[in-house]
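Next comes model_21.cif, with mmCIF, C-alpha atoms.
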```cif
data_work
loop_
_atom_site.label_atom_id
_atom_site.label_comp_id
_atom_site.auth_asym_id
_atom_site.auth_seq_id
_atom_site.Cartn_x
_atom_site.Cartn_y
_atom_site.Cartn_z
CA MET A 73 20.71 -36.88 88.93
CA ARG A 74 18.80 -37.42 85.70
CA ARG A 75 15.83 -39.72 86.00
CA LYS A 76 15.99 -42.87 83.92
CA VAL A 77 13.18 -44.26 81.78
CA ALA A 78 12.95 -47.61 79.98
CA PHE A 79 10.46 -48.70 77.32
CA LYS A 80 9.20 -52.04 76.07
CA THR A 81 6.92 -52.15 73.06
CA LEU A 82 4.96 -55.19 71.92
CA GLY A 83 2.78 -55.75 68.89
CA CYS A 84 2.05 -53.55 65.92
CA ARG A 85 3.79 -50.64 64.25
CA LEU A 86 1.11 -48.35 65.64
CA ASN A 87 2.44 -49.13 69.10
CA GLN A 88 5.96 -48.50 67.81
CA PHE A 89 4.94 -45.07 66.53
CA GLU A 90 3.34 -44.17 69.85
CA THR A 91 6.35 -45.35 71.85
CA ASP A 92 8.72 -43.29 69.68
CA SER A 93 6.58 -40.23 70.37
CA LEU A 94 6.61 -40.86 74.12
CA LEU A 95 10.36 -41.46 73.99
CA THR A 96 10.78 -37.99 72.45
CA ASP A 97 8.75 -36.39 75.27
CA PHE A 98 11.07 -37.87 77.89
CA TYR A 99 14.21 -37.18 75.86
CA LYS A 100 13.33 -33.49 75.54
CA ALA A 101 12.78 -33.32 79.29
CA ASP A 102 16.35 -34.62 79.83
CA TYR A 103 15.44 -38.10 81.02
CA GLU A 104 18.08 -40.73 80.37
CA ILE A 105 16.76 -43.46 78.07
CA VAL A 106 18.05 -46.86 79.24
CA ASN A 107 17.67 -50.46 78.20
CA PHE A 108 14.65 -52.25 79.63
CA THR A 109 16.93 -54.70 81.45
CA GLU A 110 18.66 -51.88 83.36
CA LYS A 111 17.65 -50.13 86.56
CA ALA A 112 15.29 -47.25 85.88
CA ASP A 113 12.99 -44.85 87.68
CA VAL A 114 10.21 -45.39 85.15
CA TYR A 115 9.26 -48.46 83.15
CA ILE A 116 6.68 -48.07 80.39
CA ILE A 117 5.27 -51.22 78.82
CA ASN A 118 3.23 -50.59 75.66
CA THR A 119 1.31 -53.83 75.47
CA CYS A 120 -0.45 -55.98 72.87
CA THR A 121 -3.40 -58.31 73.37
CA VAL A 122 -4.14 -59.60 69.88
CA THR A 123 -3.39 -63.21 70.93
CA SER A 124 -2.94 -65.13 74.17
CA GLN A 125 0.78 -65.25 73.38
CA SER A 126 0.79 -61.43 73.25
CA ASP A 127 -0.87 -61.38 76.67
CA ARG A 128 1.79 -63.68 78.10
CA LYS A 129 4.66 -61.64 76.66
CA SER A 130 3.17 -58.40 77.96
CA LYS A 131 2.79 -59.84 81.45
CA THR A 132 6.33 -61.23 81.37
CA TYR A 133 7.74 -57.73 80.76
CA ILE A 134 5.47 -56.23 83.41
CA ASN A 135 6.85 -58.76 85.91
CA GLN A 136 10.40 -57.97 84.80
CA ALA A 137 9.87 -54.24 85.29
CA ALA A 138 8.42 -54.74 88.76
CA ARG A 139 11.55 -56.72 89.76
CA ASN A 140 14.14 -54.45 88.15
CA SER A 141 14.52 -51.90 90.95
CA HIS A 142 13.15 -50.87 94.32
CA ASN A 143 9.69 -49.33 94.00
CA PRO A 144 9.95 -48.37 90.33
CA LEU A 145 7.22 -46.38 88.62
CA VAL A 146 5.69 -49.09 86.41
CA ILE A 147 3.20 -47.90 83.81
CA VAL A 148 1.23 -50.25 81.58
CA THR A 149 -0.44 -48.86 78.49
CA GLY A 150 -1.59 -50.24 75.14
CA CYS A 151 -4.32 -52.73 74.35
CA LEU A 152 -3.86 -55.01 77.38
CA ALA A 153 -4.49 -51.94 79.55
CA THR A 154 -8.02 -51.92 78.17
CA SER A 155 -8.78 -55.63 77.81
CA GLN A 156 -7.50 -56.57 81.29
CA LYS A 157 -7.64 -53.23 83.08
CA GLU A 158 -9.18 -54.55 86.30
CA TYR A 159 -6.64 -57.37 86.59
CA LEU A 160 -3.73 -54.98 86.03
CA GLU A 161 -4.99 -52.44 88.56
CA ASP A 162 -5.48 -55.18 91.17
CA ARG A 163 -1.92 -56.55 90.83
CA GLY A 164 -0.41 -54.03 93.22
CA ASP A 165 2.95 -53.65 91.45
CA ILE A 166 1.67 -51.39 88.64
CA VAL A 167 1.38 -47.72 89.55
CA TYR A 168 -0.67 -46.57 86.55
CA VAL A 169 -2.74 -48.33 83.91
CA VAL A 170 -3.20 -45.98 80.96
CA GLU A 171 -5.65 -46.87 78.18
CA ASN A 172 -5.02 -46.04 74.53
CA PRO A 173 -7.08 -42.80 74.31
CA ASN A 174 -4.95 -41.28 77.11
CA LYS A 175 -1.60 -42.65 75.96
CA SER A 176 -0.35 -39.47 74.28
CA GLN A 177 -0.44 -37.64 77.65
CA LEU A 178 1.57 -40.23 79.52
CA PHE A 179 4.56 -37.91 80.07
CA THR A 180 2.28 -35.42 81.85
CA LEU A 181 1.20 -38.19 84.21
CA VAL A 182 4.81 -39.13 85.05
CA GLU A 183 5.83 -35.52 85.69
CA ALA A 184 2.84 -35.02 87.98
CA HIS A 185 3.77 -38.17 89.87
CA PHE A 186 7.30 -36.96 90.60
CA THR A 187 6.21 -33.44 91.57
CA GLY A 188 3.59 -34.77 93.97
CA ASP A 189 0.55 -33.55 92.05
CA ILE A 190 -2.56 -35.71 92.23
CA LEU A 191 -3.39 -36.84 88.72
CA HIS A 192 -5.27 -39.94 87.64
CA PRO A 193 -5.12 -41.43 84.12
CA PHE A 194 -8.82 -40.56 83.80
CA ASP A 195 -7.87 -36.88 84.15
CA LEU A 196 -5.62 -36.99 81.11
CA LYS A 197 -6.76 -35.44 77.86
CA GLN A 198 -8.06 -38.02 75.40
CA ASP A 199 -6.60 -37.53 71.92
CA LEU A 200 -5.68 -40.38 69.59
CA PHE A 201 -3.48 -38.19 67.36
CA ASN A 202 -1.92 -35.66 69.74
CA PHE A 203 1.46 -37.38 69.78
CA THR A 204 4.73 -35.48 69.74
CA VAL A 205 6.70 -35.64 66.49
CA ALA A 206 9.26 -38.38 67.17
CA GLU A 207 12.59 -36.60 66.86
CA LYS A 208 14.13 -39.31 69.05
CA SER A 209 13.37 -42.84 67.88
CA PHE A 210 14.23 -46.48 68.39
CA HIS A 211 14.01 -46.85 64.60
CA THR A 212 15.68 -45.54 61.45
CA ARG A 213 12.29 -45.39 59.76
CA SER A 214 9.67 -42.92 60.93
CA MET A 215 6.20 -44.27 61.69
CA ILE A 216 3.34 -41.93 60.80
CA LYS A 217 -0.01 -42.63 62.43
CA ILE A 218 -2.83 -41.85 60.00
CA GLN A 219 -5.76 -43.73 61.54
CA ASP A 220 -6.91 -45.58 64.65
CA GLY A 221 -9.66 -48.03 65.55
CA CYS A 222 -11.69 -50.39 63.38
CA ASP A 223 -15.35 -50.86 62.45
CA ASN A 224 -15.02 -54.32 60.88
CA PHE A 225 -15.48 -56.50 63.97
CA CYS A 226 -13.99 -59.65 62.48
CA SER A 227 -15.34 -62.56 64.49
CA TYR A 228 -11.96 -63.46 66.05
CA CYS A 229 -10.59 -59.97 66.70
CA ILE A 230 -10.52 -58.00 69.94
CA VAL A 231 -8.94 -54.89 68.42
CA PRO A 232 -12.20 -52.88 67.93
CA PHE A 233 -12.95 -53.42 71.62
CA VAL A 234 -9.55 -52.14 72.80
CA ARG A 235 -8.80 -49.52 70.12
CA GLY A 236 -12.36 -48.30 69.56
CA ARG A 237 -14.23 -47.37 66.42
CA ALA A 238 -12.42 -46.16 63.30
CA VAL A 239 -11.26 -42.55 63.25
CA SER A 240 -8.96 -40.88 60.72
CA ARG A 241 -6.40 -38.14 61.26
CA PRO A 242 -6.81 -34.86 59.34
CA VAL A 243 -5.04 -34.86 55.97
CA ASP A 244 -3.13 -31.61 56.57
CA ASP A 245 -1.83 -32.90 59.93
CA ILE A 246 -0.45 -36.03 58.26
CA VAL A 247 1.18 -34.15 55.39
CA HIS A 248 2.76 -31.70 57.85
CA HIS A 249 3.97 -34.60 59.99
CA VAL A 250 5.65 -36.23 56.99
CA GLN A 251 7.27 -32.92 56.05
CA GLN A 252 8.60 -32.54 59.59
CA MET A 253 10.09 -36.03 59.61
CA VAL A 254 11.78 -35.45 56.25
CA SER A 255 13.22 -32.16 57.52
CA LEU A 256 14.61 -34.03 60.53
CA GLY A 257 16.52 -36.32 58.18
CA PHE A 258 14.38 -39.47 58.17
CA LYS A 259 14.73 -41.30 54.85
CA GLU A 260 11.70 -43.56 55.12
CA VAL A 261 8.22 -42.96 56.50
CA VAL A 262 5.85 -45.83 57.26
CA LEU A 263 2.11 -45.13 57.19
CA THR A 264 0.45 -47.02 60.00
CA GLY A 265 -2.86 -47.45 61.80
CA VAL A 266 -5.31 -50.17 62.76
CA ASN A 267 -7.16 -50.37 59.42
CA ILE A 268 -5.50 -47.88 57.09
CA SER A 269 -7.27 -49.08 53.95
CA ARG A 270 -10.42 -47.54 55.47
CA TYR A 271 -8.85 -44.11 55.92
CA TRP A 272 -11.42 -41.39 55.23
CA TYR A 273 -11.27 -37.75 56.17
CA GLU A 274 -13.58 -35.12 54.68
CA GLY A 275 -13.73 -36.72 51.26
CA THR A 276 -10.14 -38.00 51.11
CA ASP A 277 -9.66 -41.78 51.09
CA PHE A 278 -6.45 -43.76 51.55
CA GLU A 279 -5.39 -43.49 47.93
CA GLY A 280 -6.11 -39.75 47.97
CA LEU A 281 -3.96 -39.31 51.06
CA LEU A 282 -1.17 -41.36 49.50
CA GLU A 283 -1.25 -39.16 46.39
CA LYS A 284 -0.56 -36.11 48.55
CA ILE A 285 2.32 -37.80 50.40
CA VAL A 286 4.27 -39.20 47.44
CA ILE A 287 4.58 -35.73 45.85
CA ILE A 288 6.14 -34.15 48.96
CA PRO A 289 9.65 -32.95 47.98
CA GLY A 290 12.69 -34.55 49.58
CA ASP A 291 15.05 -37.52 49.56
CA PHE A 292 12.83 -40.10 51.22
CA ARG A 293 10.58 -43.02 50.43
CA VAL A 294 7.17 -44.16 51.62
CA ARG A 295 6.25 -47.59 52.91
CA ILE A 296 2.76 -48.82 53.70
CA SER A 297 2.33 -50.77 56.90
CA SER A 298 0.07 -53.80 57.33
CA ILE A 299 -3.12 -53.26 55.34
CA GLU A 300 -6.41 -55.02 54.65
CA PRO A 301 -7.23 -56.03 51.04
CA GLU A 302 -10.69 -54.47 51.17
CA ALA A 303 -11.49 -51.16 49.44
CA LEU A 304 -8.27 -51.23 47.41
CA GLY A 305 -8.19 -51.15 43.64
CA GLU A 306 -6.68 -49.65 40.51
CA ARG A 307 -5.92 -46.25 42.06
CA LEU A 308 -3.62 -47.83 44.63
CA VAL A 309 -1.93 -49.96 41.98
CA ASP A 310 -1.32 -46.89 39.79
CA LEU A 311 0.33 -45.04 42.69
CA PHE A 312 3.18 -47.55 42.65
CA SER A 313 4.42 -45.78 39.53
CA TYR A 314 5.80 -43.16 41.93
CA GLU A 315 9.43 -43.92 42.76
CA LYS A 316 8.94 -42.82 46.37
CA LEU A 317 6.39 -45.58 47.05
CA CYS A 318 8.05 -48.88 47.97
CA PRO A 319 6.82 -51.92 45.96
CA HIS A 320 5.85 -53.96 48.99
CA LEU A 321 2.60 -54.60 50.85
CA HIS A 322 1.90 -56.65 53.94
CA LEU A 323 -1.57 -57.54 52.68
CA CYS A 324 -3.43 -59.59 55.29
CA ILE A 325 -5.29 -62.62 53.93
CA GLN A 326 -5.82 -64.72 57.13
CA SER A 327 -7.19 -67.76 55.23
CA GLY A 328 -7.24 -69.18 51.71
CA SER A 329 -10.68 -70.70 52.24
CA ASP A 330 -13.74 -68.62 51.36
CA ARG A 331 -15.76 -70.64 53.86
CA ILE A 332 -13.40 -69.69 56.69
CA LEU A 333 -13.15 -66.08 55.52
CA GLN A 334 -16.94 -65.89 55.78
CA LYS A 335 -16.86 -67.35 59.31
CA MET A 336 -14.16 -64.79 60.17
CA ALA A 337 -16.44 -62.01 58.81
CA ARG A 338 -13.69 -60.84 56.48
CA MET A 339 -14.93 -58.47 53.77
CA TYR A 340 -13.38 -60.05 50.67
CA THR A 341 -13.07 -63.38 48.90
CA VAL A 342 -10.03 -65.34 47.80
CA SER A 343 -10.74 -64.36 44.19
CA ASP A 344 -10.78 -60.68 45.21
CA TYR A 345 -7.37 -61.17 46.78
CA TYR A 346 -6.00 -62.93 43.69
CA ALA A 347 -7.26 -60.11 41.47
CA LEU A 348 -5.53 -57.42 43.53
CA SER A 349 -2.26 -59.34 43.73
CA GLU A 350 -2.30 -59.93 39.97
CA LYS A 351 -2.81 -56.20 39.32
CA LEU A 352 0.14 -55.36 41.57
CA ARG A 353 2.37 -57.91 39.83
CA ARG A 354 1.36 -56.58 36.41
CA ARG A 355 2.49 -53.14 37.56
CA CYS A 356 5.70 -54.55 39.04
CA PRO A 357 6.53 -58.23 38.33
CA LEU A 358 8.70 -58.58 41.46
CA PHE A 359 6.23 -56.77 43.73
CA ASN A 360 6.76 -58.14 47.25
CA LEU A 361 3.66 -59.46 49.00
CA THR A 362 3.80 -60.62 52.60
CA THR A 363 0.81 -61.59 54.71
CA ASP A 364 -0.80 -62.83 57.93
CA VAL A 365 -2.45 -66.24 58.20
CA ILE A 366 -4.51 -67.65 61.06
CA VAL A 367 -4.41 -71.45 61.36
CA GLY A 368 -6.84 -73.53 63.39
CA PHE A 369 -9.80 -71.15 63.27
CA PRO A 370 -12.92 -72.85 64.69
CA GLY A 371 -14.28 -75.29 62.13
CA GLU A 372 -11.18 -75.19 59.89
CA THR A 373 -11.02 -78.58 58.18
CA ASP A 374 -8.08 -80.24 56.45
CA ARG A 375 -9.59 -79.13 53.15
CA ASP A 376 -9.81 -75.50 54.31
CA PHE A 377 -6.20 -75.63 55.42
CA ASP A 378 -5.09 -77.20 52.13
CA GLU A 379 -6.77 -74.32 50.29
CA THR A 380 -4.80 -71.86 52.41
CA CYS A 381 -1.53 -73.64 51.59
CA ARG A 382 -2.39 -73.58 47.89
CA VAL A 383 -3.01 -69.83 47.95
CA ILE A 384 0.25 -69.19 49.81
CA ARG A 385 2.16 -71.10 47.12
CA ASP A 386 0.21 -69.57 44.21
CA ILE A 387 0.71 -65.96 45.29
CA GLY A 388 4.26 -66.61 46.43
CA PHE A 389 4.29 -64.59 49.65
CA SER A 390 7.91 -63.95 50.60
CA HIS A 391 6.93 -64.09 54.25
CA VAL A 392 3.89 -65.39 56.11
CA HIS A 393 3.33 -64.25 59.67
CA THR A 394 1.48 -67.26 61.05
CA PHE A 395 -0.83 -67.07 64.05
CA LYS A 396 -2.41 -70.02 65.78
CA TYR A 397 -6.01 -69.07 66.43
CA SER A 398 -6.32 -67.72 69.95
CA VAL A 399 -9.62 -67.36 71.80
CA ARG A 400 -10.34 -63.71 72.60
CA LYS A 401 -13.01 -63.25 75.25
CA GLY A 402 -16.12 -61.46 74.02
CA THR A 403 -15.62 -62.16 70.32
CA ARG A 404 -18.10 -64.16 68.24
CA ALA A 405 -15.51 -66.83 67.45
CA GLU A 406 -15.20 -67.62 71.16
CA LYS A 407 -18.66 -69.22 71.08
CA MET A 408 -18.28 -71.02 67.75
CA PRO A 409 -18.38 -74.83 67.72
CA ASP A 410 -15.63 -77.16 66.52
CA HIS A 411 -12.57 -75.49 68.04
CA VAL A 412 -9.41 -77.03 66.64
CA HIS A 413 -7.07 -78.95 68.96
CA GLU A 414 -3.87 -77.13 69.89
CA LYS A 415 -1.71 -79.95 68.52
CA ILE A 416 -3.33 -79.61 65.09
CA LYS A 417 -2.83 -75.84 65.19
CA SER A 418 0.87 -76.36 65.90
CA GLU A 419 1.21 -78.89 63.07
CA ARG A 420 -0.51 -76.56 60.60
CA SER A 421 1.59 -73.62 61.76
CA GLU A 422 4.77 -75.56 61.08
CA ILE A 423 3.56 -76.54 57.60
CA VAL A 424 2.87 -72.89 56.75
CA ARG A 425 6.27 -71.88 58.11
CA LYS A 426 8.00 -74.37 55.81
CA ILE A 427 6.04 -73.19 52.76
CA SER A 428 6.87 -69.61 53.69
CA ASP A 429 10.58 -70.45 53.83
CA GLU A 430 10.39 -72.15 50.42
CA ASN A 431 8.68 -69.06 48.99
CA LYS A 432 11.22 -66.76 50.57
CA LEU A 433 14.17 -68.68 49.15
CA LYS A 434 12.63 -68.66 45.68
CA TYR A 435 11.71 -64.97 45.81
CA TYR A 436 15.02 -63.74 47.25
CA THR A 437 16.96 -65.69 44.63
CA CYS A 438 15.21 -63.64 41.91
CA PHE A 439 17.16 -60.58 43.07
CA ILE A 440 20.66 -61.96 42.51
CA GLY A 441 22.33 -59.71 39.95
CA LYS A 442 19.77 -56.95 40.43
CA ARG A 443 20.18 -53.57 42.09
CA GLN A 444 18.55 -52.49 45.32
CA ASN A 445 18.41 -49.05 46.89
CA VAL A 446 19.25 -49.92 50.49
CA LEU A 447 18.46 -47.71 53.46
CA VAL A 448 21.42 -48.37 55.75
CA GLU A 449 20.19 -48.87 59.30
CA LYS A 450 23.20 -50.41 61.04
CA ILE A 451 26.98 -50.81 60.72
CA THR A 452 28.40 -53.97 62.28
CA ARG A 453 31.75 -54.21 64.04
CA GLN A 454 33.04 -56.07 60.99
CA GLY A 455 32.24 -53.04 58.81
CA PHE A 456 29.13 -54.43 57.11
CA ALA A 457 26.24 -52.10 56.38
CA LYS A 458 22.80 -53.62 56.95
CA GLY A 459 19.42 -52.39 55.86
CA PHE A 460 16.43 -52.99 53.63
CA GLY A 461 15.98 -52.41 49.92
CA GLU A 462 12.88 -50.86 48.43
CA TYR A 463 11.27 -54.33 48.16
CA TYR A 464 11.74 -54.79 51.93
CA LEU A 465 14.44 -57.42 51.57
CA PRO A 466 17.29 -57.51 54.12
CA VAL A 467 20.63 -56.64 52.50
CA GLU A 468 24.19 -56.44 53.79
CA PHE A 469 27.33 -55.18 52.08
CA LYS A 470 30.82 -54.10 52.96
CA SER A 471 30.76 -50.40 53.70
CA GLY A 472 33.49 -47.79 53.76
CA ARG A 473 31.32 -45.44 55.82
CA ASN A 474 30.90 -45.62 59.58
CA GLU A 475 27.41 -44.15 59.57
CA HIS A 476 23.81 -45.10 58.93
CA ASN A 477 20.59 -43.50 57.63
CA TYR A 478 21.62 -43.07 54.01
CA PHE A 479 20.65 -44.71 50.73
CA ALA A 480 23.18 -46.94 48.97
CA GLU A 481 22.71 -48.53 45.57
CA VAL A 482 23.77 -52.15 45.92
CA VAL A 483 24.17 -54.96 43.41
CA ILE A 484 22.98 -58.25 44.92
CA LYS A 485 25.63 -60.97 44.59
CA GLU A 486 24.34 -63.90 46.61
CA LEU A 487 21.86 -65.19 49.13
CA SER A 488 23.22 -66.17 52.53
CA LYS A 489 21.30 -69.42 53.05
CA ALA A 490 23.15 -70.16 56.29
CA THR A 491 21.65 -67.08 57.93
CA ARG A 492 18.15 -67.24 59.39
CA PRO A 493 16.33 -65.18 58.43
CA PHE A 494 17.85 -65.14 54.95
CA VAL A 495 19.97 -62.11 54.02
CA LEU A 496 20.99 -60.90 50.56
CA SER A 497 24.66 -59.94 50.22
CA GLY A 498 25.92 -57.41 47.72
CA THR A 499 28.42 -54.73 46.82
CA ARG A 500 27.99 -51.01 46.28
CA ALA A 501 27.11 -50.32 42.65
CA GLY A 502 30.25 -49.42 40.71
CA ILE A 503 32.51 -50.58 43.55
CA SER A 504 33.89 -54.11 43.48
CA ALA A 505 36.35 -54.02 46.38
CA TYR A 506 36.95 -52.16 49.62
#
```
Kindly transcribe the structure held in the file into structure tokens.
Amino acid sequence: MRRKVAFKTLGCRLNQFETDSLLTDFYKADYEIVNFTEKADVYIINTCTVTSQSDRKSKTYINQAARNSHNPLVIVTGCLATSQKEYLEDRGDIVYVVENPNKSQLFTLVEAHFTGDILHPFDLKQDLFNFTVAEKSFHTRSMIKIQDGCDNFCSYCIVPFVRGRAVSRPVDDIVHHVQQMVSLGFKEVVLTGVNISRYWYEGTDFEGLLEKIVIIPGDFRVRISSIEPEALGERLVDLFSYEKLCPHLHLCIQSGSDRILQKMARMYTVSDYYALSEKLRRRCPLFNLTTDVIVGFPGETDRDFDETCRVIRDIGFSHVHTFKYSVRKGTRAEKMPDHVHEKIKSERSEIVRKISDENKLKYYTCFIGKRQNVLVEKITRQGFAKGFGEYYLPVEFKSGRNEHNYFAEVVIKELSKATRPFVLSGTRAGISAY
């Protein structure tokens, strides 16, 4: 009988890329890929530890895997495998704890386990970029890992401790990877890493890498994953003149207060952020900006929070991913005075969520009557095609095709306000009825 393997991925798109690569390794070896809720021989949990909530979710899925079948092979990898390695190894229901540098060799570890060979995660080759090209994927889009680690050491962030120092993937490897994914039929590639704005390899920076990718021939488009506002300027803005590059950035701001940004050890000011957003909107008036915001950072006053709310409204983020500040052991923020009460964090989080919804409604409404080039990712039982336009807005339309992974030009007709999250409804360009 074929062995069964189940995956659960938490956290960032970098984790998603790495899981898709591991999935391909098992798929090529004729493992059956099953849902995480089903019985399996192997459960792989690719964890996140960026917040205490991430820790709890990761542990919930570890517990679920341990209960799913009799003596399953439970493997925990990802950032929690580094930050809480001793705890995980002492649990007794996890067979292997595999840290990020060894993650790409996880399939080798599983095969050795089933053949009776003695192999410890420490024996695995360490290579941050030696991941199999993800021919089999949980996603319509293809993630492309260009960078790992971070040298910034923001005062609240544990990522440099669990992902290591910044390292960039060779340019030629990335370009070849993109070419491979396009040849496999992927229509959208997403550039991802821990701090991709700091990409640097033998004289090529992030903008230089992007220039090489957007001129690759083929029917595909390029999307940039979450990115820091530092080290970005006119060259990046100019690159959005290329049709292949999607006019959307998830540009992390974290706070609208310069005082709090300084306490966070962020490497920009609010005025820097405004200047970059204004340049992007001059290039493309409807340019979609989304962001991350941390509320309740130690010492955040009502005035600091009000400044954050003002910036969110001014810039008009169509979505704000809001985090309540979470203490991460070993970071500088852990020892800062004036920690904010959890109740206040929750109240501020709800205020930001409401502003974000107001922004989203206003921004989405701007697209009624306009055309979007939608990458179809799903066909519902009712015959509706669902996907995202180039501005990263969710769109649905009645489709006459029972397939996905193709581009459709759609005219937006209305905004479905009853659906949360909001969805734009449209019709195929030039087609009024089906």
- Result set of the PyMOL selection byres ((chain A and resi 181-185) around 10) on the coordinates above, as a list of chain:residue names: A:Phe98, A:Ala101, A:Val114, A:Leu145, A:Ile147, A:Val167, A:Tyr168, A:Val170, A:Asn174, A:Lys175, A:Gln177, A:Leu178, A:Phe179, A:Thr180, A:Phe186, A:Thr187, A:Gly188, A:Asp189, A:Ile190, A:Leu191, A:His192, A:Pro193, A:Asp195, A:Leu196
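If all atoms listed in the file are the atoms counted, then among A:Ala303, A:Val365, A:Leu323, A:Ile451 the closest residue to Ser349 in chain A is A:Leu323.
Across A:Val77, A:Val234, A:Val424, A:Ile166, the tightest approach to Val266 in chain A is made by A:Val234 when counting only C-alpha atoms.
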Write out as a PDB file with C-alpha atoms, in the frame of the given file each polymer residue whose atoms come within 9 Å of Val446 in chain A, counting only C-alpha atoms; drop sequence neighbours fewer than 3 positions from it.
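Everything below was put into selection09.pdb:
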```pdb
ATOM      1  CA  GLU A 449      20.190 -48.870  59.300  1.00  0.00           C
ATOM      2  CA  LYS A 458      22.800 -53.620  56.950  1.00  0.00           C
ATOM      3  CA  GLY A 459      19.420 -52.390  55.860  1.00  0.00           C
ATOM      4  CA  PHE A 460      16.430 -52.990  53.630  1.00  0.00           C
ATOM      5  CA  GLY A 461      15.980 -52.410  49.920  1.00  0.00           C
ATOM      6  CA  GLU A 462      12.880 -50.860  48.430  1.00  0.00           C
ATOM      7  CA  LEU A 465      14.440 -57.420  51.570  1.00  0.00           C
ATOM      8  CA  PRO A 466      17.290 -57.510  54.120  1.00  0.00           C
ATOM      9  CA  VAL A 467      20.630 -56.640  52.500  1.00  0.00           C
ATOM     10  CA  GLU A 468      24.190 -56.440  53.790  1.00  0.00           C
ATOM     11  CA  TYR A 478      21.620 -43.070  54.010  1.00  0.00           C
ATOM     12  CA  PHE A 479      20.650 -44.710  50.730  1.00  0.00           C
ATOM     13  CA  ALA A 480      23.180 -46.940  48.970  1.00  0.00           C
ATOM     14  CA  GLU A 481      22.710 -48.530  45.570  1.00  0.00           C
ATOM     15  CA  VAL A 482      23.770 -52.150  45.920  1.00  0.00           C
TER      16      VAL A 482
END
```
- Item | Atomic distance CA of Ala501 in chain A - CA of Leu358 in chain A, expressed in Å with one decimal | 20.2 Å
- Item | Surrounding residues of range 154-162 of chain A excluding itself and chain neighbours under 2 positions, 6 Å, all atoms listed in the file, as a PyMOL selection string | chain A and resi 151-152+164+171+234
- Who sits within 9 Å of Leu311 in chain A, all atoms listed in the file, same chain under 3 positions skipped, as JSON, numbers by chain: {"A": [279, 282, 283, 286, 306, 307, 308, 314, 317]}
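Of the listed residues A:Leu82, A:Gly388, A:Glu475, A:Ile299, the one whose atoms come nearest to Arg128 in chain A is A:Leu82, with distances taken using only C-alpha atoms.
Here CA of Val106 in chain A and CA of Thr91 in chain A stand 13.9 Å from one another.
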- Item | Distance query Ala78 in chain A at most 8 Å, only C-alpha atoms, self and fewer than 3 positions along chain excluded, as a list in words | Ile105, Val106, Asn107, Phe108, Glu110, Ala112, Val114, Tyr115 and Ile116 of chain A
- What gap, in Å, lies between CA of Glu302 in chain A and CA of Gly236 in chain A? 19.5 Å
